[in-house]
$ cat structure_12.csv   # CSV, C-alpha atoms
chain,number,residue,atom,x,y,z
A,282,MET,CA,53.6,-27.4,46.2
A,283,ALA,CA,53.6,-23.6,46.6
A,284,GLU,CA,50.2,-22.0,46.4
A,285,ASP,CA,49.6,-20.2,43.1
A,286,ASP,CA,49.0,-16.6,44.2
A,287,THR,CA,48.3,-15.4,40.6
A,288,GLN,CA,45.1,-13.3,40.7
A,289,GLN,CA,42.7,-13.2,37.9
A,290,THR,CA,42.0,-9.6,36.8
A,291,ASP,CA,39.2,-8.1,34.8
A,292,PRO,CA,39.8,-7.7,31.1
A,293,PRO,CA,40.9,-4.2,30.1
A,294,GLU,CA,38.3,-1.6,29.3
A,295,PRO,CA,38.7,-1.8,25.5
A,296,ALA,CA,38.0,-5.6,25.6
A,297,ARG,CA,34.9,-5.1,27.7
A,298,ARG,CA,33.6,-2.5,25.3
A,299,ARG,CA,34.2,-4.9,22.4
A,300,GLY,CA,32.3,-7.6,24.3
A,301,ARG,CA,29.3,-5.3,24.9
A,302,ARG,CA,29.3,-4.3,21.3
A,303,ALA,CA,29.4,-7.9,20.2
A,304,ARG,CA,26.4,-8.7,22.4
A,305,TRP,CA,24.4,-5.8,21.1
A,306,ARG,CA,25.1,-6.8,17.6
A,307,VAL,CA,23.8,-10.3,18.4
A,308,VAL,CA,20.6,-8.7,20.0
A,309,ALA,CA,20.2,-6.4,17.0
A,310,ALA,CA,20.6,-9.2,14.5
A,311,ARG,CA,18.1,-11.3,16.3
A,312,ALA,CA,15.6,-8.5,16.5
A,313,LEU,CA,16.0,-7.7,12.8
A,314,GLY,CA,15.6,-11.4,12.0
A,315,GLY,CA,12.5,-11.6,14.1
A,316,THR,CA,11.0,-8.5,12.4
A,317,VAL,CA,11.8,-9.8,8.9
A,318,ALA,CA,10.2,-13.2,9.8
A,319,LEU,CA,7.1,-11.5,11.2
A,320,LEU,CA,6.7,-9.4,8.1
A,321,LEU,CA,7.2,-12.3,5.9
A,322,GLY,CA,4.6,-14.3,7.8
A,323,LEU,CA,2.1,-11.4,7.6
A,324,VAL,CA,2.7,-10.9,3.9
A,325,LEU,CA,2.1,-14.7,3.3
A,326,ILE,CA,-1.0,-14.7,5.4
A,327,LEU,CA,-2.5,-11.6,3.8
A,328,SER,CA,-1.9,-13.1,0.4
A,329,ALA,CA,-5.0,-15.2,1.0
A,330,VAL,CA,-7.1,-13.7,3.8
A,331,PRO,CA,-8.9,-10.4,4.0
A,332,VAL,CA,-7.1,-7.5,5.6
A,333,PRO,CA,-9.2,-6.7,8.7
A,334,ALA,CA,-7.7,-3.3,9.3
A,335,THR,CA,-4.7,-1.2,8.7
A,336,PRO,CA,-2.7,1.1,11.1
A,337,TYR,CA,-4.3,4.2,9.5
A,338,MET,CA,-7.8,2.7,9.7
A,339,ILE,CA,-7.2,2.0,13.4
A,340,ALA,CA,-6.0,5.5,14.0
A,341,GLU,CA,-9.0,7.0,12.1
A,342,ARG,CA,-11.4,4.8,14.0
A,343,TRP,CA,-9.9,6.1,17.3
A,344,ARG,CA,-10.1,9.7,16.1
A,345,LEU,CA,-13.6,9.5,14.6
A,346,GLY,CA,-15.2,6.9,16.9
A,347,SER,CA,-16.3,4.7,13.9
A,348,LEU,CA,-15.7,4.2,10.3
A,349,ALA,CA,-17.2,2.4,7.3
A,350,HIS,CA,-15.4,-0.6,5.9
A,351,GLU,CA,-16.5,-3.8,4.3
A,352,TRP,CA,-14.2,-6.3,2.5
A,353,VAL,CA,-15.3,-7.3,-0.9
A,354,ALA,CA,-13.6,-9.8,-3.3
A,355,LEU,CA,-12.4,-8.4,-6.6
A,356,GLU,CA,-15.0,-10.6,-8.4
A,357,ARG,CA,-17.7,-8.5,-6.7
A,358,VAL,CA,-16.2,-5.1,-7.9
A,359,ALA,CA,-17.3,-3.7,-11.2
A,360,PRO,CA,-14.4,-4.3,-13.7
A,361,VAL,CA,-14.5,-0.7,-14.7
A,362,MET,CA,-13.7,0.3,-11.1
A,363,ALA,CA,-10.5,-1.7,-11.1
A,364,ARG,CA,-9.5,-0.3,-14.5
A,365,ALA,CA,-10.4,3.3,-13.4
A,366,VAL,CA,-8.2,3.1,-10.3
A,367,VAL,CA,-5.3,1.7,-12.3
A,368,ALA,CA,-5.7,4.4,-15.0
A,369,ALA,CA,-5.8,7.1,-12.3
A,370,GLU,CA,-3.0,5.9,-10.0
A,371,ASP,CA,-0.7,3.6,-11.9
A,372,ALA,CA,-1.3,3.0,-15.6
A,373,ASN,CA,1.7,0.7,-15.9
A,374,PHE,CA,0.7,-1.4,-13.0
A,375,CYS,CA,0.8,-4.6,-15.1
A,376,LEU,CA,4.2,-3.8,-16.6
A,377,HIS,CA,6.4,-3.0,-13.5
A,378,TRP,CA,7.8,-5.1,-10.6
A,379,GLY,CA,6.6,-2.7,-7.9
A,380,PHE,CA,8.5,0.5,-8.9
A,381,ASP,CA,7.8,2.5,-12.1
A,382,MET,CA,11.3,3.7,-12.8
A,383,ALA,CA,10.3,5.9,-15.7
A,384,ALA,CA,7.7,7.7,-13.5
A,385,ILE,CA,10.2,8.0,-10.7
A,386,ARG,CA,12.8,9.6,-13.1
A,387,LYS,CA,10.1,11.9,-14.5
A,388,ALA,CA,9.0,13.0,-11.0
A,389,ILE,CA,12.6,13.7,-10.0
A,390,ASP,CA,13.3,15.7,-13.2
A,391,GLU,CA,10.1,17.8,-12.7
A,392,GLY,CA,10.6,18.2,-8.9
A,393,ARG,CA,7.3,16.6,-8.1
A,394,GLY,CA,6.7,15.1,-4.7
A,395,ARG,CA,3.9,12.9,-5.8
A,396,GLY,CA,3.1,11.0,-8.9
A,397,ALA,CA,5.7,8.2,-8.9
A,398,SER,CA,4.2,6.0,-6.2
A,399,THR,CA,2.8,2.8,-7.6
A,400,ILE,CA,-0.3,0.9,-6.5
A,401,SER,CA,2.1,-1.7,-5.1
A,402,GLN,CA,4.0,0.9,-3.1
A,403,GLN,CA,0.7,2.4,-1.8
A,404,THR,CA,-0.6,-1.0,-0.8
A,405,ALA,CA,2.6,-1.8,1.1
A,406,LYS,CA,2.3,1.6,2.9
A,407,ASN,CA,-1.4,1.4,3.6
A,408,VAL,CA,-1.4,-2.2,4.9
A,409,PHE,CA,1.8,-2.4,6.9
A,410,LEU,CA,3.0,1.1,7.6
A,411,TRP,CA,1.9,4.6,8.6
A,412,GLN,CA,1.0,7.8,6.8
A,413,GLY,CA,3.3,10.7,6.4
A,414,ARG,CA,6.5,11.5,4.6
A,415,ASN,CA,9.8,10.4,6.2
A,416,TRP,CA,12.8,8.4,5.1
A,417,VAL,CA,12.3,5.6,7.6
A,418,ARG,CA,8.8,4.9,6.2
A,419,LYS,CA,10.0,5.2,2.6
A,420,ALA,CA,12.8,2.8,3.3
A,421,LEU,CA,10.5,0.2,4.8
A,422,GLU,CA,8.1,0.7,1.9
A,423,ALA,CA,10.9,0.1,-0.5
A,424,GLY,CA,11.7,-3.2,1.2
A,425,LEU,CA,8.1,-4.4,1.5
A,426,THR,CA,7.1,-3.6,-2.1
A,427,PRO,CA,9.2,-6.2,-3.9
A,428,LEU,CA,8.3,-8.7,-1.3
A,429,ILE,CA,4.6,-8.2,-1.9
A,430,GLU,CA,5.2,-8.3,-5.7
A,431,ALA,CA,7.0,-11.6,-5.2
A,432,LEU,CA,4.4,-13.3,-3.0
A,433,TRP,CA,1.1,-11.8,-4.2
A,434,THR,CA,-0.4,-11.8,-7.7
A,435,LYS,CA,-1.1,-8.4,-9.3
A,436,ARG,CA,-4.8,-9.2,-9.0
A,437,ARG,CA,-4.3,-9.7,-5.2
A,438,ILE,CA,-2.4,-6.5,-4.9
A,439,LEU,CA,-5.2,-4.5,-6.6
A,440,GLU,CA,-7.9,-6.3,-4.6
A,441,VAL,CA,-6.2,-5.4,-1.3
A,442,TYR,CA,-5.6,-1.8,-2.5
A,443,LEU,CA,-9.2,-1.3,-3.4
A,444,ASN,CA,-10.3,-2.6,0.0
A,445,VAL,CA,-8.1,-0.4,2.1
A,446,ALA,CA,-7.9,2.8,0.2
A,447,GLU,CA,-9.5,5.8,1.8
A,448,PHE,CA,-12.5,7.2,-0.2
A,449,GLY,CA,-13.7,9.9,2.2
A,450,GLU,CA,-13.4,10.7,5.9
A,451,GLY,CA,-14.0,7.5,7.7
A,452,VAL,CA,-14.8,5.6,4.5
A,453,PHE,CA,-12.4,2.8,3.5
A,454,GLY,CA,-12.6,0.4,0.7
A,455,VAL,CA,-14.6,0.4,-2.5
A,456,GLN,CA,-17.7,-1.3,-1.2
A,457,ALA,CA,-18.1,1.2,1.6
A,458,ALA,CA,-17.4,4.0,-0.8
A,459,ALA,CA,-19.9,2.8,-3.4
A,460,ARG,CA,-22.6,2.6,-0.7
A,461,HIS,CA,-21.7,5.9,1.0
A,462,HIS,CA,-21.4,8.1,-2.1
A,463,PHE,CA,-23.8,6.4,-4.5
A,464,GLY,CA,-26.0,4.0,-2.6
A,465,VAL,CA,-25.0,1.0,-4.6
A,466,ASP,CA,-22.8,-2.0,-4.2
A,467,ALA,CA,-19.3,-2.0,-5.7
A,468,ALA,CA,-20.4,-4.6,-8.3
A,469,ASN,CA,-23.1,-2.1,-9.6
A,470,LEU,CA,-20.9,1.0,-10.0
A,471,SER,CA,-21.4,2.6,-13.4
A,472,ALA,CA,-18.4,3.7,-15.5
A,473,VAL,CA,-18.9,7.4,-14.5
A,474,GLN,CA,-19.3,6.6,-10.8
A,475,ALA,CA,-16.1,4.5,-10.9
A,476,ALA,CA,-14.2,7.2,-12.6
A,477,ARG,CA,-15.5,9.8,-10.0
A,478,LEU,CA,-14.4,7.6,-7.1
A,479,ALA,CA,-11.0,7.1,-8.7
A,480,ALA,CA,-10.7,10.8,-9.2
A,481,ILE,CA,-10.8,11.6,-5.5
A,482,LEU,CA,-8.0,9.3,-4.4
A,483,PRO,CA,-5.2,11.9,-4.3
A,484,ALA,CA,-7.3,13.9,-1.8
A,485,PRO,CA,-10.2,11.8,-0.5
A,486,LYS,CA,-11.1,14.0,2.4
A,487,ASP,CA,-11.3,17.1,0.3
A,488,ARG,CA,-13.3,15.8,-2.7
A,489,ASP,CA,-16.8,14.5,-3.0
A,490,PRO,CA,-17.5,12.1,-5.9
A,491,ALA,CA,-21.2,12.6,-5.7
A,492,ARG,CA,-20.8,16.4,-6.0
A,493,PRO,CA,-17.9,16.8,-8.3
A,494,THR,CA,-16.3,20.1,-9.1
A,495,ALA,CA,-15.5,21.1,-12.7
A,496,PHE,CA,-11.9,19.9,-12.1
A,497,GLN,CA,-13.1,16.6,-10.8
A,498,ARG,CA,-15.4,16.1,-13.8
A,499,GLY,CA,-12.5,16.8,-16.1
A,500,ARG,CA,-10.3,14.4,-14.2
A,501,ALA,CA,-13.0,11.7,-14.2
A,502,ALA,CA,-13.4,12.0,-17.9
A,503,ALA,CA,-9.6,11.6,-18.4
A,504,ILE,CA,-9.7,8.6,-16.2
A,505,LEU,CA,-12.5,7.0,-18.2
A,506,ASP,CA,-10.4,7.5,-21.4
A,507,GLY,CA,-7.4,6.0,-19.6
A,508,ALA,CA,-9.5,3.0,-18.4
A,509,GLY,CA,-10.6,2.3,-22.0
A,510,THR,CA,-7.0,2.6,-23.2
A,511,ILE,CA,-5.5,0.1,-20.8
A,512,ALA,CA,-8.3,-2.3,-21.5
A,513,ALA,CA,-7.6,-2.0,-25.2
A,514,ASP,CA,-3.8,-2.2,-25.1
A,515,GLY,CA,-3.6,-5.1,-22.7
A,516,ARG,CA,-2.4,-3.2,-19.6
A,517,ALA,CA,-5.4,-4.5,-17.6
A,518,ARG,CA,-4.8,-8.1,-18.4
A,519,CYS,CA,-2.7,-8.9,-15.2
A,520,PHE,CA,-5.7,-8.2,-12.9
A,521,GLU,CA,-8.6,-9.0,-15.1
A,522,ASP,CA,-7.2,-12.5,-15.7
A,523,ALA,CA,-8.1,-14.6,-12.6
A,524,ALA,CA,-4.7,-16.2,-12.8
A,525,GLY,CA,-3.0,-12.8,-12.7
$ encode --input "structure_12.csv" --output "structure tokens"
Amino acid sequence: MAEDDTQQTDPPEPARRRGRRARWRVVAARALGGTVALLLGLVLILSAVPVPATPYMIAERWRLGSLAHEWVALERVAPVMARAVVAAEDANFCLHWGFDMAAIRKAIDEGRGRGASTISQQTAKNVFLWQGRNWVRKALEAGLTPLIEALWTKRRILEVYLNVAEFGEGVFGVQAAARHHFGVDAANLSAVQAARLAAILPAPKDRDPARPTAFQRGRAAAILDGAGTIAADGRARCFEDAAG
């Protein structure tokens, strides 16, 4: 039998490029799947256990050398504090699924950069992402927010938010804030103290709740009114009900 002298040749260049692209697509799909699975696992775990730290807290600890933070269950936070924060940051917290579409449309119409971000969105950003404004972070935040809304109760979202929010340079969480600014535990905050803490949240490094300016006093008074309103009209029910 004559020897087959047919020689195998490499596939043409276009075929090799297609093969490389296919392999990269598989790698990218696996990486994306792994990232999604990791985030899902973290969200599930943090639905039940305290958040030990956030990326921003870690960065601030590195910058400052230390920081004040102590986790406290929502049961040990004065109810008026929870209502004040919701009144200040997201009055429709109990009514939306993570995004306040009416507030977003209003912010777009008025050309405002801030004002439409819900407590759910801020919690997603604070716990899992980084600070700053860019589209990559906003896209990740937009994906994480409905996941948190689906897997956490409203009460849990607010509990986490209160424990990771910044209330001054190196001061994180409502318990550390209450002790640092007023020398009391979060459970013993008065209505005025709670409103003054909530009033600094847009700019916690630049405002002092213990020495409020005239503007801060006016904002705190408006927050107190808002806290009373959401308590009266039922918009606080989702987090004041333990089953929330």
$ residues_near_point --input "structure_12.csv" --point "(-22.0, 3.7, -9.0)" --cutoff "10 Å" --atoms "all atoms listed in the file" --output "JSON, numbers by chain"
{"A": [359, 362, 458, 459, 460, 462, 463, 464, 465, 466, 467, 468, 469, 470, 471, 472, 473, 474, 475, 476, 477, 478, 491]}
$ write_last_selection --input "structure_12.csv" --atoms "C-alpha atoms" --output "PDB file, in the coordinates of the input"
ATOM      1  CA  ALA A 359     -17.300  -3.700 -11.200  1.00  0.00           C
ATOM      2  CA  MET A 362     -13.700   0.300 -11.100  1.00  0.00           C
ATOM      3  CA  ALA A 458     -17.400   4.000  -0.800  1.00  0.00           C
ATOM      4  CA  ALA A 459     -19.900   2.800  -3.400  1.00  0.00           C
ATOM      5  CA  ARG A 460     -22.600   2.600  -0.700  1.00  0.00           C
ATOM      6  CA  HIS A 462     -21.400   8.100  -2.100  1.00  0.00           C
ATOM      7  CA  PHE A 463     -23.800   6.400  -4.500  1.00  0.00           C
ATOM      8  CA  GLY A 464     -26.000   4.000  -2.600  1.00  0.00           C
ATOM      9  CA  VAL A 465     -25.000   1.000  -4.600  1.00  0.00           C
ATOM     10  CA  ASP A 466     -22.800  -2.000  -4.200  1.00  0.00           C
ATOM     11  CA  ALA A 467     -19.300  -2.000  -5.700  1.00  0.00           C
ATOM     12  CA  ALA A 468     -20.400  -4.600  -8.300  1.00  0.00           C
ATOM     13  CA  ASN A 469     -23.100  -2.100  -9.600  1.00  0.00           C
ATOM     14  CA  LEU A 470     -20.900   1.000 -10.000  1.00  0.00           C
ATOM     15  CA  SER A 471     -21.400   2.600 -13.400  1.00  0.00           C
ATOM     16  CA  ALA A 472     -18.400   3.700 -15.500  1.00  0.00           C
ATOM     17  CA  VAL A 473     -18.900   7.400 -14.500  1.00  0.00           C
ATOM     18  CA  GLN A 474     -19.300   6.600 -10.800  1.00  0.00           C
ATOM     19  CA  ALA A 475     -16.100   4.500 -10.900  1.00  0.00           C
ATOM     20  CA  ALA A 476     -14.200   7.200 -12.600  1.00  0.00           C
ATOM     21  CA  ARG A 477     -15.500   9.800 -10.000  1.00  0.00           C
ATOM     22  CA  LEU A 478     -14.400   7.600  -7.100  1.00  0.00           C
ATOM     23  CA  ALA A 491     -21.200  12.600  -5.700  1.00  0.00           C
TER      24      ALA A 491
END
$ residues_around --input "structure_12.csv" --residues "Gln402 (chain A)" --least-positions-apart "3" --cutoff "8 Å" --atoms "all atoms listed in the file" --output "PyMOL selection string"
chain A and resi 379-380+398-399+405-406+422-423+426
$ atom_distance --input "structure_12.csv" --atom1 "CA of His350 (chain A)" --atom2 "CA of Asn415 (chain A)"
27.5 Å
$ atom_distance --input "structure_12.csv" --atom1 "CA of Ala369 (chain A)" --atom2 "CA of Leu348 (chain A)"
24.8 Å
$ atom_distance --input "structure_12.csv" --atom1 "CA of His377 (chain A)" --atom2 "CA of Pro360 (chain A)"
20.8 Å
$ closest_residue --input "structure_12.csv" --among "A:Lys486, A:Arg418, A:Arg364, A:Arg299" --to "Glu521 (chain A)" --atoms "only C-alpha atoms"
A:Arg364
$ residues_around --input "structure_12.csv" --residues "Glu450 (chain A)" --least-positions-apart "2" --cutoff "9 Å" --atoms "all atoms listed in the file" --output "PyMOL selection string"
chain A and resi 341+345+348+447-448+452-453+485-487
$ closest_residue --input "structure_12.csv" --among "A:Leu410, A:Ala420, A:Ala354, A:Leu505" --to "Ala340 (chain A)" --atoms "all atoms listed in the file"
A:Leu410
$ closest_residue --input "structure_12.csv" --among "A:Ala363, A:Met338, A:Val332, A:Ala508" --to "Trp411 (chain A)" --atoms "all atoms listed in the file"
A:Met338
$ residues_around --input "structure_12.csv" --residues "Leu443 (chain A)" --least-positions-apart "3" --cutoff "10 Å" --atoms "only C-alpha atoms" --output "NGL selection string"
:A and (352-355 or 358 or 362-363 or 366 or 400 or 404 or 437-440 or 446-448 or 453-456)
$ residues_near_point --input "structure_12.csv" --point "(-4.1, -1.9, 9.0)" --cutoff "8 Å" --atoms "only C-alpha atoms" --output "ChimeraX atom specification"
/A:332-339,407-410
$ closest_residue --input "structure_12.csv" --among "A:Trp305, A:Trp416, A:Phe496, A:Trp378" --to "Lys435 (chain A)" --atoms "all atoms listed in the file"
A:Trp378
